[in-house]
Amino acid sequence: MKSRLNTNKMRSLKRRGFDLGQTPDLPRPEQPTADAVQQAWLNDSAIVLPSLLNENIQKHAENIQNSHKLMQNVLKTAEITPFLEQAPYQERIQKNFFLVAASPEEHDEQGIEKIYFDAFEASKQDEVVAEELWCKGSWLSFHEEDASLRFRFSWGMEGYEDVSADPLKQAWAGKLCDVIFPESSIITQNGAILGYLSSILGKKPSFVERIVYFNAPNGGAQMHHDVERGHAGVVFAQLSGSTFWLAITKPKLMNEIISFVSCPQHQADIEAVLPQKEDRQVLIKLCETHDDLSCYMEEPDHELVEAIIDRCPAFIAQLVENGFAHSLEAGDVLLLPQRDLDNCVWHSVFTLGDTPGEALSFAVR
Ligand SMILES: [Fe+2]
């Protein structure tokens, strides 16, 4: 079958030392109608809102520049707090937050630093309104040539607390993100995004569990989902640089895996990423029933599937050919519905180009 994609211009997909082949330049999508956005969300499909943020990015050029500088300083020093205690951060933070403590996160190999804050209301005699809020900087991988990092905003004991159980703390963690990265309002005050999400959720959305990413060349994210109790999905905004995405709802991803694994033509590709015969046999067995495959994919270690979906260039080419790839340029938004474990958009990210780019990834509740 002849490819529907323009293969004249190809771009390399590289992530953490793995060469995942070449991808054709994807055609720019059209701006979807409000109806199409809602339908896509209800059908658990990822949808791109191209160039939606172009004007806002210009307005926030200085903030985006400051964030880039902060990222470079963190890269150089592997510290965050000293920079938050200087202009332009200190003054903005002090209006509503006390810096309580900073932890070097020695137990977490990817952790750079976690900074704890309490929030106070200046209009109420500085009354503390939310405690144990934090901003945590982390490396995105252990690979030496991947300089990607992220800043995550949340509260409480990481990995133990049900963060959705306290909407007030979630809201204040969001405000902490606003003061450190004021370009957050590109999402949170965007009329189009608020309009789409309000009609999908039936209420005004809150943007919680925020992450500010700096994806560098050779970086990105492996296939995963972001299902979390109380959250409906994720809004991703590319503010600088560009990224390549594979985004596909879990039932369709399972169909793609099953058809790939059972195709005689792909046996050599599978053998290249799963050299042990026993591993390939277990994978074939898992692919016999959707339930077994689905449960296996939810296990923290699902290496047999990861080998295919994250490291096999022929499988990635199949997803691209079947229409599950998106390229994001600065100004583009990607909506990722995350209904539940069985019906959520799994997604994987590659950095395109030679420079690190900033992106906002906010959960919606
Ligand atoms: Fe994600």
# chains A, B, ... in the order shown; residues from 1 in each chain; ligands from 1

$ closest_atom_pairs --of "range 215-289 of chain A" --to "range 327-342 of chain A" --cutoff "10 Å" --atoms "only C-alpha atoms" --output "CSV"
residue,atom,partner,partner_atom,distance
A:His225,CA,A:Gln338,CA,7.5
A:Asp226,CA,A:Gln338,CA,6.5
A:Val227,CA,A:Gln338,CA,5.4
A:Glu228,CA,A:Gln338,CA,8.1
A:Arg229,CA,A:Asp340,CA,8.6
A:Gly230,CA,A:Arg339,CA,9.8
A:His231,CA,A:Gln338,CA,7.5
A:Ala232,CA,A:Gln338,CA,5.5
A:Gly233,CA,A:Pro337,CA,4.2
A:Val234,CA,A:Leu336,CA,5.1
A:Val235,CA,A:Leu335,CA,4.9
A:Phe236,CA,A:Leu334,CA,5.1
A:Ala237,CA,A:Val333,CA,4.5
A:Gln238,CA,A:Ala330,CA,4.9
A:Leu239,CA,A:Ala330,CA,4.7
A:Ser240,CA,A:Ala330,CA,4.6
A:Gly241,CA,A:Ala330,CA,6.0
A:Ser242,CA,A:Glu329,CA,4.7
A:Thr243,CA,A:Leu328,CA,5.3
A:Phe244,CA,A:Ser327,CA,4.5
A:Trp245,CA,A:Ser327,CA,6.2
A:Leu246,CA,A:Ser327,CA,9.0
A:Ala247,CA,A:Leu336,CA,8.1
A:Ile248,CA,A:Leu336,CA,9.4
A:Thr249,CA,A:Asp342,CA,8.6
A:Lys250,CA,A:Asp342,CA,6.4
A:Pro251,CA,A:Asp342,CA,7.2

$ write_last_selection --atoms "N, CA, C and O atoms" --output "short mmCIF file (atom, residue, chain, number, x, y, z; two decimals), in the first residue's frame"
data_model
loop_
_atom_site.label_atom_id
_atom_site.label_comp_id
_atom_site.auth_asym_id
_atom_site.auth_seq_id
_atom_site.Cartn_x
_atom_site.Cartn_y
_atom_site.Cartn_z
N HIS A 225 0.10 6.48 30.22
CA HIS A 225 -1.16 7.23 30.33
C HIS A 225 -1.08 8.08 31.58
O HIS A 225 -0.15 7.92 32.39
N ASP A 226 -2.04 9.00 31.75
CA ASP A 226 -2.02 9.90 32.91
C ASP A 226 -3.35 9.82 33.67
O ASP A 226 -3.85 10.84 34.15
N VAL A 227 -3.89 8.61 33.76
CA VAL A 227 -5.17 8.48 34.48
C VAL A 227 -4.92 8.72 35.97
O VAL A 227 -4.02 8.11 36.55
N GLU A 228 -5.66 9.63 36.54
CA GLU A 228 -5.56 9.87 37.98
C GLU A 228 -6.96 10.19 38.48
O GLU A 228 -7.72 10.86 37.78
N ARG A 229 -7.27 9.71 39.68
CA ARG A 229 -8.62 9.90 40.21
C ARG A 229 -8.97 11.39 40.22
O ARG A 229 -8.17 12.22 40.63
N GLY A 230 -10.17 11.70 39.78
CA GLY A 230 -10.65 13.08 39.84
C GLY A 230 -10.23 13.94 38.67
O GLY A 230 -10.66 15.08 38.56
N HIS A 231 -9.38 13.42 37.79
CA HIS A 231 -8.92 14.21 36.64
C HIS A 231 -9.52 13.67 35.35
O HIS A 231 -9.61 12.46 35.16
N ALA A 232 -9.90 14.57 34.45
CA ALA A 232 -10.57 14.15 33.22
C ALA A 232 -9.60 13.99 32.05
O ALA A 232 -9.89 13.28 31.09
N GLY A 233 -8.47 14.67 32.14
CA GLY A 233 -7.53 14.60 31.02
C GLY A 233 -6.42 15.60 31.20
O GLY A 233 -6.25 16.17 32.29
N VAL A 234 -5.67 15.81 30.14
CA VAL A 234 -4.49 16.68 30.20
C VAL A 234 -4.51 17.65 29.03
O VAL A 234 -4.89 17.28 27.91
N VAL A 235 -4.13 18.91 29.33
CA VAL A 235 -3.92 19.89 28.26
C VAL A 235 -2.41 20.10 28.15
O VAL A 235 -1.76 20.41 29.14
N PHE A 236 -1.87 19.94 26.93
CA PHE A 236 -0.44 20.12 26.71
C PHE A 236 -0.26 21.29 25.75
O PHE A 236 -0.89 21.33 24.69
N ALA A 237 0.59 22.25 26.13
CA ALA A 237 0.83 23.41 25.26
C ALA A 237 2.31 23.53 24.96
O ALA A 237 3.14 23.59 25.88
N GLN A 238 2.65 23.56 23.69
CA GLN A 238 4.05 23.73 23.26
C GLN A 238 4.33 25.22 23.18
O GLN A 238 3.67 25.93 22.40
N LEU A 239 5.28 25.72 24.01
CA LEU A 239 5.55 27.16 24.02
C LEU A 239 6.80 27.52 23.22
O LEU A 239 6.94 28.64 22.73
N SER A 240 7.75 26.59 23.13
CA SER A 240 8.92 26.80 22.27
C SER A 240 9.43 25.41 21.86
O SER A 240 9.05 24.41 22.47
N GLY A 241 10.25 25.36 20.82
CA GLY A 241 10.74 24.07 20.34
C GLY A 241 9.62 23.27 19.69
O GLY A 241 8.51 23.77 19.50
N SER A 242 9.90 22.01 19.34
CA SER A 242 8.83 21.18 18.78
C SER A 242 8.98 19.72 19.22
O SER A 242 10.08 19.27 19.56
N THR A 243 7.86 19.04 19.26
CA THR A 243 7.83 17.65 19.72
C THR A 243 7.00 16.80 18.76
O THR A 243 6.14 17.31 18.04
N PHE A 244 7.29 15.51 18.77
CA PHE A 244 6.57 14.55 17.95
C PHE A 244 5.85 13.59 18.90
O PHE A 244 6.46 13.11 19.87
N TRP A 245 4.59 13.33 18.62
CA TRP A 245 3.77 12.53 19.54
C TRP A 245 3.15 11.32 18.85
O TRP A 245 2.74 11.42 17.69
N LEU A 246 3.05 10.24 19.60
CA LEU A 246 2.16 9.15 19.23
C LEU A 246 1.09 9.16 20.32
O LEU A 246 1.43 9.17 21.51
N ALA A 247 -0.17 9.22 19.93
CA ALA A 247 -1.25 9.30 20.93
C ALA A 247 -2.40 8.44 20.44
O ALA A 247 -2.93 8.67 19.35
N ILE A 248 -2.78 7.46 21.26
CA ILE A 248 -3.76 6.47 20.80
C ILE A 248 -4.48 5.88 22.01
O ILE A 248 -3.85 5.56 23.03
N THR A 249 -5.79 5.76 21.89
CA THR A 249 -6.56 5.24 23.01
C THR A 249 -6.23 3.76 23.23
O THR A 249 -5.88 3.04 22.31
N LYS A 250 -6.31 3.33 24.50
CA LYS A 250 -5.79 2.01 24.86
C LYS A 250 -6.38 0.87 24.02
O LYS A 250 -5.62 0.01 23.56
N PRO A 251 -7.71 0.79 23.80
CA PRO A 251 -8.21 -0.34 23.00
C PRO A 251 -7.60 -0.38 21.60
O PRO A 251 -7.26 -1.46 21.10
#

$ select_by_dssp --residues "range 3-60 of chain A" --states "alpha helix (DSSP H)" --output "number ranges by chain"
A: 34-42, 54-59

$ residues_around --residues "His68 in chain A" --least-positions-apart "6" --cutoff "9 Å" --atoms "only C-alpha atoms" --output "PyMOL selection string"
chain A and resi 214+356-358

$ closest_residue --among "A:Ser67, A:Gln222, A:Asn322, A:Gln22" --to "ligand 1" --atoms "only C-alpha atoms and all ligand atoms"
A:Gln222

$ atom_distance --atom1 "CA of Tyr116 in chain A" --atom2 "CA of Val100 in chain A"
5.4 Å

$ closest_residue --among "A:Arg365, A:Leu319, A:Gly17, A:Asn343" --to "Asp166 in chain A" --atoms "only C-alpha atoms"
A:Arg365

$ residues_around --residues "range 135-142 of chain A" --least-positions-apart "6" --cutoff "6 Å" --atoms "only C-alpha atoms" --output "count of residues only"
12

$ atom_distance --atom1 "CA of Ile270 in chain A" --atom2 "CA of Ala307 in chain A"
8.3 Å

$ atom_distance --atom1 "CA of His60 in chain A" --atom2 "CA of Ser185 in chain A"
9.3 Å

$ residues_around --residues "Ile309 in chain A" --least-positions-apart "4" --cutoff "10 Å" --atoms "only C-alpha atoms" --output "MDAnalysis selection string"
chainID A and resid 222:223 246 253 256:257 303:305 313:316 319 348

$ residues_around --residues "Ile187 in chain A" --least-positions-apart "2" --cutoff "10 Å" --atoms "only C-alpha atoms" --output "number ranges by chain"
A: 53, 56, 183-185, 189-194, 207, 235-237, 333, 360-362

$ write_last_selection --atoms "N, CA and C atoms" --output "CSV table (one decimal), in the first residue's frame"
chain,number,residue,atom,x,y,z
A,53,LEU,N,-2.1,29.3,20.2
A,53,LEU,CA,-1.4,30.2,21.3
A,53,LEU,C,-0.5,31.2,20.7
A,56,ASN,N,-0.5,34.7,22.2
A,56,ASN,CA,-0.2,34.7,23.7
A,56,ASN,C,1.3,34.4,23.9
A,183,GLU,N,3.7,32.3,32.4
A,183,GLU,CA,3.2,31.9,31.1
A,183,GLU,C,2.1,30.8,31.2
A,184,SER,N,1.9,30.3,32.4
A,184,SER,CA,0.8,29.3,32.7
A,184,SER,C,-0.5,29.9,32.2
A,185,SER,N,-0.7,31.2,32.3
A,185,SER,CA,-2.0,31.8,32.0
A,185,SER,C,-2.3,31.6,30.5
A,189,GLN,N,-6.0,31.0,31.1
A,189,GLN,CA,-6.9,32.1,30.8
A,189,GLN,C,-7.2,32.1,29.3
A,190,ASN,N,-7.1,31.0,28.7
A,190,ASN,CA,-7.3,31.0,27.2
A,190,ASN,C,-8.8,30.7,26.9
A,191,GLY,N,-9.4,31.7,26.3
A,191,GLY,CA,-10.9,31.6,26.1
A,191,GLY,C,-11.3,30.4,25.4
A,192,ALA,N,-10.6,30.0,24.3
A,192,ALA,CA,-10.9,28.9,23.5
A,192,ALA,C,-10.8,27.6,24.3
A,193,ILE,N,-9.7,27.4,25.0
A,193,ILE,CA,-9.5,26.2,25.8
A,193,ILE,C,-10.6,26.1,26.9
A,194,LEU,N,-10.8,27.3,27.6
A,194,LEU,CA,-11.8,27.3,28.7
A,194,LEU,C,-13.2,26.9,28.1
A,207,PHE,N,-7.1,23.7,36.6
A,207,PHE,CA,-5.9,23.2,36.0
A,207,PHE,C,-4.9,22.8,37.2
A,235,VAL,N,-4.1,18.9,29.3
A,235,VAL,CA,-3.9,19.9,28.3
A,235,VAL,C,-2.4,20.1,28.1
A,236,PHE,N,-1.9,19.9,26.9
A,236,PHE,CA,-0.4,20.1,26.7
A,236,PHE,C,-0.3,21.3,25.8
A,237,ALA,N,0.6,22.3,26.1
A,237,ALA,CA,0.8,23.4,25.3
A,237,ALA,C,2.3,23.5,25.0
A,333,VAL,N,-1.6,23.3,20.8
A,333,VAL,CA,-2.1,22.7,22.0
A,333,VAL,C,-2.5,21.2,21.6
A,360,LEU,N,3.9,23.2,28.6
A,360,LEU,CA,3.0,23.1,29.8
A,360,LEU,C,2.2,21.9,29.7
A,361,SER,N,2.1,21.1,30.8
A,361,SER,CA,1.2,19.9,30.8
A,361,SER,C,0.4,20.0,32.0
A,362,PHE,N,-0.9,20.4,31.9
A,362,PHE,CA,-1.7,20.6,33.1
A,362,PHE,C,-2.9,19.6,33.1
